[in-house]
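Text of final-v1.txt, listed as compact mmCIF, C-alpha atoms and all ligand atoms:
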```txt
# COMPACT_ATOMS: atom_id res chain seq x y z
CA MET A 1 226.65 185.86 61.10
CA THR A 2 224.29 188.63 62.18
CA ARG A 3 222.90 191.41 59.99
CA GLU A 4 224.99 193.85 62.08
CA GLU A 5 228.21 191.97 61.35
CA ILE A 6 227.46 191.90 57.64
CA LEU A 7 226.72 195.63 57.64
CA TYR A 8 229.85 196.32 59.69
CA TRP A 9 232.03 194.76 56.99
CA LEU A 10 230.10 196.21 54.06
CA LYS A 11 230.53 199.72 55.49
CA ASN A 12 234.11 199.26 56.64
CA GLU A 13 236.50 201.25 54.44
CA ASP A 14 239.61 200.78 56.53
CA GLU A 15 242.08 198.77 54.48
CA ARG A 16 243.98 197.54 57.54
CA SER A 17 240.98 196.11 59.33
CA LEU A 18 239.60 194.67 56.09
CA THR A 19 242.61 192.32 55.97
CA GLU A 20 240.87 190.52 58.84
CA LEU A 21 237.87 189.85 56.57
CA TRP A 22 240.08 188.71 53.66
CA ASP A 23 242.04 186.37 55.97
CA LYS A 24 238.90 184.87 57.48
CA ALA A 25 237.37 184.26 54.04
CA ASN A 26 240.62 182.76 52.76
CA ASP A 27 240.92 180.46 55.80
CA VAL A 28 237.34 179.23 55.45
CA ARG A 29 237.84 178.71 51.71
CA HIS A 30 241.00 176.69 52.43
CA SER A 31 239.47 174.53 55.16
CA GLN A 32 236.07 173.93 53.50
CA VAL A 33 236.75 173.60 49.76
CA GLY A 34 240.55 173.33 49.63
CA ASP A 35 243.19 174.93 47.44
CA ALA A 36 242.03 173.63 44.06
CA VAL A 37 240.68 176.22 41.63
CA HIS A 38 238.09 174.64 39.35
CA LEU A 39 237.92 175.66 35.70
CA ARG A 40 234.52 176.09 34.05
CA GLY A 41 234.63 176.54 30.28
CA LEU A 42 232.12 179.26 29.45
CA LEU A 43 230.36 179.06 26.10
CA GLU A 44 228.14 182.04 25.29
CA PHE A 45 226.27 180.29 22.49
CA SER A 46 223.40 182.72 21.81
CA ASN A 47 223.00 186.43 22.49
CA HIS A 48 219.30 186.52 21.56
CA CYS A 49 217.14 187.66 24.45
CA SER A 50 213.39 188.17 24.88
CA ARG A 51 213.69 190.24 28.05
CA ASP A 52 214.41 193.91 28.57
CA CYS A 53 216.40 194.14 31.79
CA HIS A 54 217.43 197.74 32.43
CA TYR A 55 221.06 196.80 33.10
CA CYS A 56 221.92 194.31 30.38
CA GLY A 57 223.28 195.03 26.91
CA LEU A 58 221.65 191.87 25.49
CA ARG A 59 218.16 193.23 26.23
CA ALA A 60 215.66 192.71 23.40
CA GLY A 61 215.24 196.45 22.81
CA ASN A 62 218.92 196.97 21.99
CA SER A 63 218.63 197.08 18.21
CA LYS A 64 222.30 198.06 17.82
CA LEU A 65 223.48 194.59 18.74
CA THR A 66 224.12 192.00 16.00
CA ARG A 67 222.53 188.74 17.16
CA TYR A 68 223.97 185.23 16.79
CA ARG A 69 223.01 181.70 17.73
CA MET A 70 225.67 179.01 17.32
CA SER A 71 224.89 175.76 15.51
CA GLU A 72 225.19 172.35 17.15
CA GLU A 73 228.36 171.64 15.16
CA GLU A 74 229.95 174.95 16.16
CA ILE A 75 229.08 174.26 19.78
CA MET A 76 230.51 170.73 19.65
CA CYS A 77 233.83 172.08 18.31
CA CYS A 78 234.11 174.35 21.35
CA VAL A 79 233.05 171.54 23.67
CA GLU A 80 235.84 169.33 22.33
CA GLU A 81 238.30 172.16 22.83
CA GLY A 82 237.13 172.41 26.46
CA VAL A 83 237.68 168.68 26.95
CA ALA A 84 241.16 168.93 25.42
CA TYR A 85 241.98 171.77 27.83
CA GLY A 86 241.04 169.57 30.78
CA TYR A 87 238.02 171.59 31.91
CA GLY A 88 235.69 169.58 34.14
CA THR A 89 232.60 171.66 33.44
CA LEU A 90 230.94 173.28 30.46
CA VAL A 91 228.76 176.30 31.15
CA LEU A 92 226.21 176.84 28.38
CA GLN A 93 225.05 180.43 28.65
CA SER A 94 222.68 182.51 26.51
CA GLY A 95 220.20 185.33 26.73
CA GLU A 96 216.66 184.28 27.62
CA ASP A 97 216.26 182.99 24.10
CA TYR A 98 212.82 181.56 23.29
CA GLY A 99 214.02 181.04 19.72
CA LEU A 100 216.01 178.16 21.19
CA ASP A 101 213.98 175.07 20.55
CA VAL A 102 213.51 173.08 23.77
CA ASP A 103 214.00 169.72 22.05
CA TRP A 104 217.09 170.98 20.20
CA MET A 105 218.55 171.98 23.57
CA THR A 106 217.58 168.61 25.08
CA LYS A 107 219.35 166.74 22.26
CA LEU A 108 222.42 168.96 22.57
CA ILE A 109 222.68 168.20 26.30
CA GLN A 110 222.23 164.46 25.66
CA ARG A 111 224.96 164.53 23.03
CA ILE A 112 227.45 166.38 25.25
CA LYS A 113 226.75 163.99 28.12
CA ARG A 114 227.10 160.98 25.81
CA GLU A 115 230.31 162.08 24.11
CA THR A 116 232.22 163.80 26.92
CA PRO A 117 232.85 163.45 30.67
CA LEU A 118 231.88 167.08 31.29
CA ALA A 119 229.52 168.34 33.96
CA VAL A 120 227.00 170.58 32.19
CA THR A 121 225.86 173.85 33.72
CA LEU A 122 222.99 175.76 32.13
CA SER A 123 222.53 179.52 32.38
CA LEU A 124 219.57 180.23 30.10
CA GLY A 125 217.46 182.62 32.15
CA GLU A 126 213.98 182.14 33.59
CA ARG A 127 212.50 179.02 32.02
CA SER A 128 209.40 176.97 32.75
CA ALA A 129 209.56 174.07 35.21
CA GLU A 130 208.72 171.86 32.24
CA ASP A 131 211.76 172.97 30.18
CA LEU A 132 214.01 172.81 33.22
CA THR A 133 212.84 169.26 33.99
CA ALA A 134 213.40 168.14 30.38
CA TRP A 135 216.99 169.43 30.45
CA ARG A 136 217.69 167.92 33.84
CA ASP A 137 216.37 164.58 32.56
CA ALA A 138 218.66 164.98 29.53
CA GLY A 139 221.60 165.05 31.92
CA ALA A 140 222.26 168.71 32.76
CA ASP A 141 223.90 168.89 36.18
CA ARG A 142 223.70 172.50 37.32
CA TYR A 143 221.70 175.68 36.76
CA LEU A 144 222.76 179.30 37.27
CA LEU A 145 220.23 182.09 37.69
CA ARG A 146 221.22 185.19 39.59
CA PHE A 147 218.41 186.78 41.58
CA GLU A 148 220.32 190.12 41.15
CA THR A 149 218.73 191.71 44.24
CA SER A 150 216.54 190.33 47.03
CA ASP A 151 214.61 193.61 47.32
CA PRO A 152 211.30 193.09 45.45
CA GLU A 153 210.85 196.80 44.71
CA LEU A 154 214.37 197.28 43.28
CA TYR A 155 214.03 194.00 41.36
CA ARG A 156 210.78 195.19 39.80
CA ARG A 157 212.33 198.53 38.87
CA ILE A 158 215.24 197.06 36.89
CA HIS A 159 213.56 194.00 35.47
CA PRO A 160 210.31 194.39 33.50
CA ALA A 161 208.17 191.27 33.94
CA LEU A 162 206.85 189.16 31.07
CA PRO A 163 203.16 189.94 30.47
CA GLY A 164 201.05 187.89 32.86
CA HIS A 165 204.02 186.87 35.01
CA LYS A 166 204.89 187.91 38.54
CA PRO A 167 208.60 188.54 38.90
CA ASN A 168 210.06 185.96 41.23
CA ARG A 169 213.46 184.49 40.49
CA ILE A 170 213.85 183.46 44.12
CA GLU A 171 210.77 181.22 43.85
CA LEU A 172 212.13 179.81 40.58
CA LEU A 173 215.45 179.02 42.28
CA ARG A 174 213.60 176.88 44.81
CA ILE A 175 211.99 175.00 41.91
CA ILE A 176 215.39 174.56 40.21
CA LYS A 177 216.69 173.04 43.43
CA LYS A 178 213.69 170.74 43.75
CA ILE A 179 214.16 169.49 40.18
CA GLY A 180 217.57 168.32 41.37
CA TYR A 181 220.02 170.76 39.86
CA GLU A 182 223.12 171.86 41.70
CA THR A 183 221.93 175.44 42.07
CA GLY A 184 223.75 178.72 41.63
CA SER A 185 222.71 182.31 42.00
CA GLY A 186 224.10 185.66 42.96
CA VAL A 187 223.79 189.40 42.63
CA MET A 188 225.27 192.50 41.08
CA VAL A 189 227.01 194.87 43.47
CA GLY A 190 226.21 198.57 43.20
CA ILE A 191 223.00 198.49 41.16
CA PRO A 192 221.64 202.08 41.13
CA GLY A 193 219.11 202.12 43.96
CA GLN A 194 220.75 199.30 45.97
CA THR A 195 221.21 200.12 49.67
CA TYR A 196 223.57 198.52 52.20
CA GLU A 197 220.56 196.89 53.85
CA ASP A 198 219.48 195.40 50.51
CA LEU A 199 222.95 193.96 49.99
CA ALA A 200 223.09 192.55 53.53
CA LYS A 201 219.76 190.85 52.87
CA ASP A 202 221.11 189.47 49.56
CA ILE A 203 223.96 187.83 51.47
CA GLU A 204 221.53 186.31 53.99
CA THR A 205 219.48 185.04 51.05
CA PHE A 206 222.51 183.04 49.77
CA ARG A 207 222.25 181.10 53.01
CA GLU A 208 218.45 180.84 53.03
CA LEU A 209 218.50 179.34 49.53
CA ASP A 210 221.39 177.08 50.59
CA LEU A 211 223.15 177.84 47.30
CA ASP A 212 225.74 175.45 45.88
CA MET A 213 227.28 178.22 43.72
CA ILE A 214 227.40 181.98 44.33
CA GLY A 215 228.41 184.42 41.59
CA VAL A 216 228.92 188.07 42.47
CA GLY A 217 230.12 190.86 40.22
CA PRO A 218 230.10 194.65 40.12
CA PHE A 219 227.34 196.40 38.18
CA ILE A 220 228.95 197.95 35.08
CA PRO A 221 226.82 200.54 33.25
CA HIS A 222 225.99 199.75 29.63
CA HIS A 223 225.28 202.81 27.46
CA GLU A 224 222.40 201.13 25.56
CA THR A 225 220.40 200.54 28.76
CA LEU A 226 218.31 202.72 31.05
CA LEU A 227 220.73 202.25 33.97
CA GLY A 228 223.72 203.00 31.80
CA SER A 229 222.77 206.47 30.80
CA ASP A 230 224.77 208.82 33.01
CA ALA A 231 222.22 211.58 32.62
CA LYS A 232 219.46 209.50 34.15
CA THR A 233 221.27 207.46 36.75
CA PRO A 234 221.71 210.07 39.55
CA THR A 235 217.96 210.22 40.06
CA LEU A 236 217.91 206.45 40.59
CA LEU A 237 220.60 206.35 43.26
CA ALA A 238 219.59 205.43 46.81
CA GLU A 239 220.41 207.71 49.73
CA ASN A 240 222.36 204.86 51.23
CA GLN A 241 223.73 203.77 47.83
CA VAL A 242 226.21 200.87 47.56
CA PRO A 243 229.09 201.78 45.22
CA ASN A 244 229.75 199.47 42.24
CA THR A 245 233.42 199.15 43.12
CA GLU A 246 235.98 196.41 43.06
CA LEU A 247 236.44 196.69 46.84
CA MET A 248 232.73 196.29 47.55
CA THR A 249 232.65 193.21 45.29
CA TYR A 250 235.46 191.55 47.28
CA LYS A 251 233.58 192.24 50.50
CA VAL A 252 230.44 190.52 49.18
CA MET A 253 232.46 187.55 47.92
CA ALA A 254 234.26 187.20 51.26
CA LEU A 255 230.98 187.42 53.19
CA ALA A 256 229.40 184.88 50.82
CA ARG A 257 232.23 182.48 51.68
CA LEU A 258 231.70 183.01 55.41
CA ILE A 259 227.92 182.60 55.30
CA GLN A 260 227.86 179.64 52.89
CA PRO A 261 231.26 177.97 53.44
CA LEU A 262 230.87 174.99 51.08
CA ALA A 263 229.68 176.94 48.03
CA ASN A 264 231.66 177.17 44.83
CA ILE A 265 232.39 180.87 44.28
CA PRO A 266 233.89 182.20 41.03
CA ALA A 267 236.16 185.19 40.55
CA THR A 268 233.97 186.67 37.82
CA SER A 269 234.72 188.31 34.48
CA ALA A 270 233.00 191.50 35.65
CA LEU A 271 235.54 191.69 38.46
CA ALA A 272 238.37 191.07 35.99
CA THR A 273 236.90 193.84 33.83
CA LEU A 274 237.36 196.36 36.64
CA ASN A 275 240.86 195.11 37.39
CA THR A 276 242.33 193.05 34.58
CA PRO A 277 245.86 192.66 36.01
CA THR A 278 244.94 191.24 39.43
CA GLY A 279 241.15 191.13 39.94
CA ARG A 280 240.86 187.37 39.55
CA GLU A 281 243.83 186.64 41.81
CA LEU A 282 242.50 188.94 44.53
CA GLY A 283 239.07 187.31 44.23
CA LEU A 284 240.68 183.87 44.64
CA SER A 285 242.52 185.10 47.74
CA ARG A 286 239.37 186.53 49.31
CA GLY A 287 236.97 183.60 49.15
CA ALA A 288 236.69 182.42 45.54
CA ASN A 289 237.64 178.92 44.33
CA VAL A 290 236.42 178.88 40.71
CA VAL A 291 237.28 180.68 37.46
CA MET A 292 235.45 180.58 34.15
CA PRO A 293 237.82 180.69 31.17
CA ASN A 294 235.92 181.71 28.05
CA LEU A 295 235.41 179.10 25.30
CA THR A 296 233.33 181.34 23.03
CA PRO A 297 234.80 181.69 19.50
CA LYS A 298 236.53 185.04 19.07
CA LYS A 299 234.16 186.20 16.35
CA TYR A 300 231.21 186.09 18.77
CA ARG A 301 232.84 187.39 21.95
CA ALA A 302 232.39 191.10 21.30
CA LEU A 303 228.72 190.44 20.51
CA TYR A 304 228.03 188.93 23.92
CA GLU A 305 228.16 192.41 25.35
CA ILE A 306 226.27 192.17 28.65
CA TYR A 307 228.33 195.20 29.74
CA PRO A 308 231.03 197.17 27.88
CA ALA A 309 234.76 196.42 27.67
CA LYS A 310 234.32 192.89 29.00
CA ALA A 311 237.55 191.07 29.89
CA CYS A 312 238.92 188.57 27.31
CA ILE A 313 237.16 190.10 24.28
CA ASP A 314 240.32 189.98 22.16
CA GLU A 315 241.54 186.61 23.39
CA THR A 316 241.01 183.11 22.04
CA ALA A 317 239.93 180.08 24.08
CA ALA A 318 243.59 178.96 24.08
CA ASP A 319 244.71 182.38 25.42
CA CYS A 320 242.20 182.18 28.28
CA ARG A 321 243.30 178.68 29.14
CA SER A 322 246.97 179.57 29.52
CA CYS A 323 246.13 182.86 31.20
CA MET A 324 244.06 181.11 33.86
CA HIS A 325 246.71 178.46 34.48
CA ARG A 326 249.34 181.16 34.92
CA ARG A 327 247.18 183.17 37.30
CA ILE A 328 246.34 180.14 39.45
CA GLN A 329 249.97 179.09 39.69
CA SER A 330 251.10 182.64 40.47
CA ILE A 331 249.19 182.56 43.75
CA GLY A 332 250.38 179.08 44.74
CA ARG A 333 247.09 177.28 44.07
CA GLN A 334 246.42 174.25 41.85
CA VAL A 335 244.07 173.70 38.94
CA GLY A 336 241.22 171.48 40.12
CA LYS A 337 240.87 167.97 38.75
CA GLY A 338 237.58 166.38 37.72
CA ARG A 339 234.17 168.03 37.67
CA GLY A 340 234.53 170.11 40.82
CA ASP A 341 231.04 169.42 42.13
CA SER A 342 229.97 171.53 45.06
CA PRO A 343 230.50 169.71 48.38
CA SER A 344 227.25 171.25 49.63
CA TYR A 345 225.36 169.48 46.85
CA ARG A 346 227.09 166.18 47.53
CA ARG A 347 226.20 166.58 51.22
CA ALA A 348 222.48 167.07 50.50
N1 LIG A 401 226.99 194.81 34.72
C1 LIG A 401 227.40 193.75 35.42
N2 LIG A 401 226.83 192.54 35.36
C2 LIG A 401 225.78 192.41 34.55
N3 LIG A 401 224.99 191.36 34.28
C3 LIG A 401 224.07 191.74 33.39
N4 LIG A 401 224.23 193.04 33.04
C4 LIG A 401 225.29 193.48 33.76
C5 LIG A 401 225.95 194.72 33.88
N5 LIG A 401 225.56 195.80 33.19
C6 LIG A 401 225.12 190.08 34.99
C7 LIG A 401 223.80 189.71 35.65
C8 LIG A 401 223.38 188.44 34.95
C9 LIG A 401 224.72 187.89 34.50
C10 LIG A 401 224.64 186.90 33.40
O1 LIG A 401 225.42 189.05 34.09
O2 LIG A 401 224.01 189.47 37.03
O3 LIG A 401 222.69 187.54 35.78
FE1 LIG A 402 240.86 185.24 29.16
FE2 LIG A 402 242.93 185.88 30.87
S1 LIG A 402 241.23 184.60 31.16
S2 LIG A 402 242.73 186.29 28.75
```
Once more with this new file: its structure as structure tokens, please.
Ligand code: 5AD
Ligand code: FES
Amino acid sequence: MTREEILYWLKNEDERSLTELWDKANDVRHSQVGDAVHLRGLLEFSNHCSRDCHYCGLRAGNSKLTRYRMSEEEIMCCVEEGVAYGYGTLVLQSGEDYGLDVDWMTKLIQRIKRETPLAVTLSLGERSAEDLTAWRDAGADRYLLRFETSDPELYRRIHPALPGHKPNRIELLRIIKKIGYETGSGVMVGIPGQTYEDLAKDIETFRELDLDMIGVGPFIPHHETLLGSDAKTPTLLAENQVPNTELMTYKVMALARLIQPLANIPATSALATLNTPTGRELGLSRGANVVMPNLTPKKYRALYEIYPAKACIDETAADCRSCMHRRIQSIGRQVGKGRGDSPSYRRA
């Protein structure tokens, strides 16, 4: 796919001709990864974060947020629930929490791998090659780290670096791959300052990194962040600004499917937040083949507030399980069996 083709679709607003893009993405999804929709149980086990990203409600400077870190026993209860629900994968997600002891995390991964058949995906932010290697050796299978935008200048603007560090998630993703993880990344759509050219380059970067998993969601402003304050945002917008809409998100997901056909692509919670009744189903019909039912205990869900009004805040893990099953069946697809490893990873 050429840059021009990508830009043609990103800028196309004609609903009738867009059906061609949806159909192509759906056909490629069907022929390359099949009709199964894989379930990943998402456990948001700590909302502590040392970073100060200008888009994220978990940022260290947000003193209004009550912080939590689940204990090993609490986590294992949720893990067992995930096993009972037939999920093939557990996604352990947290803020970039340096209060998390590396050895504690290693032992937790070993225990989950010893006691369950689950594939374990980590989403713990930017960590050292040493930590990442220890967790991989402990049995973790996959790692998710969105690069958010491939434009270095925009990245720098929204993502203050740690002192003494050069910001480079893309470099870190190459390391994650080398360590042997099945590797996932992705971007937010409609970040203030993001141009169509930036977004087209993001999509090409999915291919360059040969990603096994690609997660894409709309940017949703959070009032306790710099990019969430309406008064300030207009000055940050690009001349050729990408809108943070549902439609634009589907376009990026569909193009991700076309450019990286074997990747596992989720219909994300951020998408479901913009359109709770049908966002996930539309995502699944326009390239996606994965959903991530939430396993986080209800008392913590509202505190994992990356962005406001997140989908599933008032639901329990059992609610999300039946909701996802119903949604998958309603569009004539089947719940995936087993771990749902990415065929691109198996190929490598
Ligand atoms: N809106 C949408 N997505 C967000 N994320 C973080 N903050 C926001 C926001 N305000 C996404 C980022 C991050 C993932 C865990 O959540 O892409 O990588
Ligand atoms: Fe959580 Fe639908 S997936 S309620």
Open item on the list: Which residues are near Lys107 in chain A? Cut-off 9 Å, only C-alpha atoms, ignore same chain within fewer than 4 positions. Put them as number ranges by chain.
Closed with: A: 102-103, 111-112, 135, 138
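Between CA of Ala263 in chain A and CA of Asp137 in chain A the separation is 23.9 Å.
We find CA of Asn294 in chain A and CA of Leu65 in chain A to be spaced 20.2 Å apart.
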Task: Expected selection as a list of chain:residue names for ligand LIG 402 (chain A) within 10 Å, all atoms listed in the file - done: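 So the residues close to ligand LIG 402 (chain A) are A:Ser269, A:Ala272, A:Thr276, A:Pro277, A:Arg280, A:Val291, A:Met292, A:Pro293, A:Asn294, A:Leu295, A:Ala311, A:Cys312, A:Ile313, A:Asp314, A:Glu315, A:Thr316, A:Ala317, A:Ala318, A:Asp319, A:Cys320, A:Arg321, A:Ser322, A:Cys323, A:Met324, A:His325, A:Arg326, A:Arg327.
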TODO: Tell me, in Å to one decimal, how far CA of Ser185 in chain A is from CA of Arg146 in chain A.
DONE: 4.0 Å
Produce a table with one row for each residue of chain A that has an atom at most 7 Å from any atom of ligand LIG 401 (chain A), each row naming the nearest atom pair and its distance in Å at one decimal; use all atoms listed in the file; arrange rows by chain and rising residue number; format as a tab-separated table.
```
residue	atom	partner	partner_atom	distance
A:Tyr55	CA	A:LIG401	N5	4.6
A:Cys56	CA	A:LIG401	N4	3.7
A:Gly57	CA	A:LIG401	N4	6.5
A:Leu145	CA	A:LIG401	O3	6.3
A:Arg146	CA	A:LIG401	O3	4.7
A:Glu148	CA	A:LIG401	O2	5.6
A:Val187	CA	A:LIG401	O2	5.6
A:Met188	CA	A:LIG401	O2	5.2
A:Gly217	CA	A:LIG401	N2	6.1
A:Pro218	CA	A:LIG401	C1	5.5
A:Phe219	CA	A:LIG401	N1	3.8
A:Ile220	CA	A:LIG401	N1	3.7
A:Pro221	CA	A:LIG401	N5	4.9
A:His222	CA	A:LIG401	N5	5.3
A:Ala270	CA	A:LIG401	C1	6.0
A:Ile306	CA	A:LIG401	N4	4.9
A:Tyr307	CA	A:LIG401	N5	4.5
```
- [ ] Would you please work out which residue, of A:Glu74, A:Ser342, A:Glu281, A:Ser31, is nearest to Asp141 in chain A when using all atoms listed in the file?
- [x] A:Ser342
Open item on the list: Given all atoms listed in the file as the basis, pick out the residue of A:Gln110, A:Thr278, A:Ser17, A:Ser94 nearest to Cys49 in chain A.
Closed with: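 For Cys49 in chain A, the nearest of the candidates is A:Ser94.
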- [ ] Give the answer as one residue: which of A:Arg257, A:Glu130, A:Arg301, A:Lys251 has the shortest atom-to-atom distance to Thr19 in chain A, using only C-alpha atoms?
- [x] A:Lys251
Output range 7-26 of chain A as a compact mmCIF listing (two decimals), keeping the file's coordinate frame, making sure N, CA and C atoms are there.
```
# COMPACT_ATOMS: atom_id res chain seq x y z
N LEU A 7 226.71 194.18 57.92
CA LEU A 7 226.72 195.63 57.64
C LEU A 7 228.03 196.28 58.08
N TYR A 8 228.57 195.78 59.20
CA TYR A 8 229.85 196.32 59.69
C TYR A 8 230.92 196.18 58.61
N TRP A 9 230.99 194.99 58.00
CA TRP A 9 232.03 194.76 56.99
C TRP A 9 231.71 195.51 55.70
N LEU A 10 230.44 195.52 55.32
CA LEU A 10 230.10 196.21 54.06
C LEU A 10 230.44 197.70 54.15
N LYS A 11 230.29 198.27 55.36
CA LYS A 11 230.53 199.72 55.49
C LYS A 11 231.96 200.06 55.89
N ASN A 12 232.73 199.02 56.20
CA ASN A 12 234.11 199.26 56.64
C ASN A 12 234.99 199.64 55.45
N GLU A 13 235.66 200.79 55.55
CA GLU A 13 236.50 201.25 54.44
C GLU A 13 237.97 201.26 54.85
N ASP A 14 238.25 200.72 56.02
CA ASP A 14 239.61 200.78 56.53
C ASP A 14 240.41 199.57 56.04
N GLU A 15 241.36 199.85 55.15
CA GLU A 15 242.08 198.77 54.48
C GLU A 15 242.76 197.82 55.47
N ARG A 16 243.26 198.39 56.59
CA ARG A 16 243.98 197.54 57.54
C ARG A 16 243.04 196.57 58.22
N SER A 17 241.87 197.06 58.64
CA SER A 17 240.98 196.11 59.33
C SER A 17 240.31 195.17 58.34
N LEU A 18 240.20 195.59 57.08
CA LEU A 18 239.60 194.67 56.09
C LEU A 18 240.47 193.42 55.87
N THR A 19 241.78 193.52 56.14
CA THR A 19 242.61 192.32 55.97
C THR A 19 242.09 191.19 56.86
N GLU A 20 241.45 191.55 57.97
CA GLU A 20 240.87 190.52 58.84
C GLU A 20 239.77 189.75 58.09
N LEU A 21 238.94 190.50 57.34
CA LEU A 21 237.87 189.85 56.57
C LEU A 21 238.47 188.97 55.47
N TRP A 22 239.47 189.51 54.74
CA TRP A 22 240.08 188.71 53.66
C TRP A 22 240.69 187.43 54.24
N ASP A 23 241.38 187.55 55.39
CA ASP A 23 242.04 186.37 55.97
C ASP A 23 241.02 185.34 56.42
N LYS A 24 239.94 185.81 57.03
CA LYS A 24 238.90 184.87 57.48
C LYS A 24 238.32 184.12 56.29
N ALA A 25 237.98 184.88 55.22
CA ALA A 25 237.37 184.26 54.04
C ALA A 25 238.35 183.27 53.41
N ASN A 26 239.62 183.64 53.37
CA ASN A 26 240.62 182.76 52.76
C ASN A 26 240.81 181.49 53.59
```
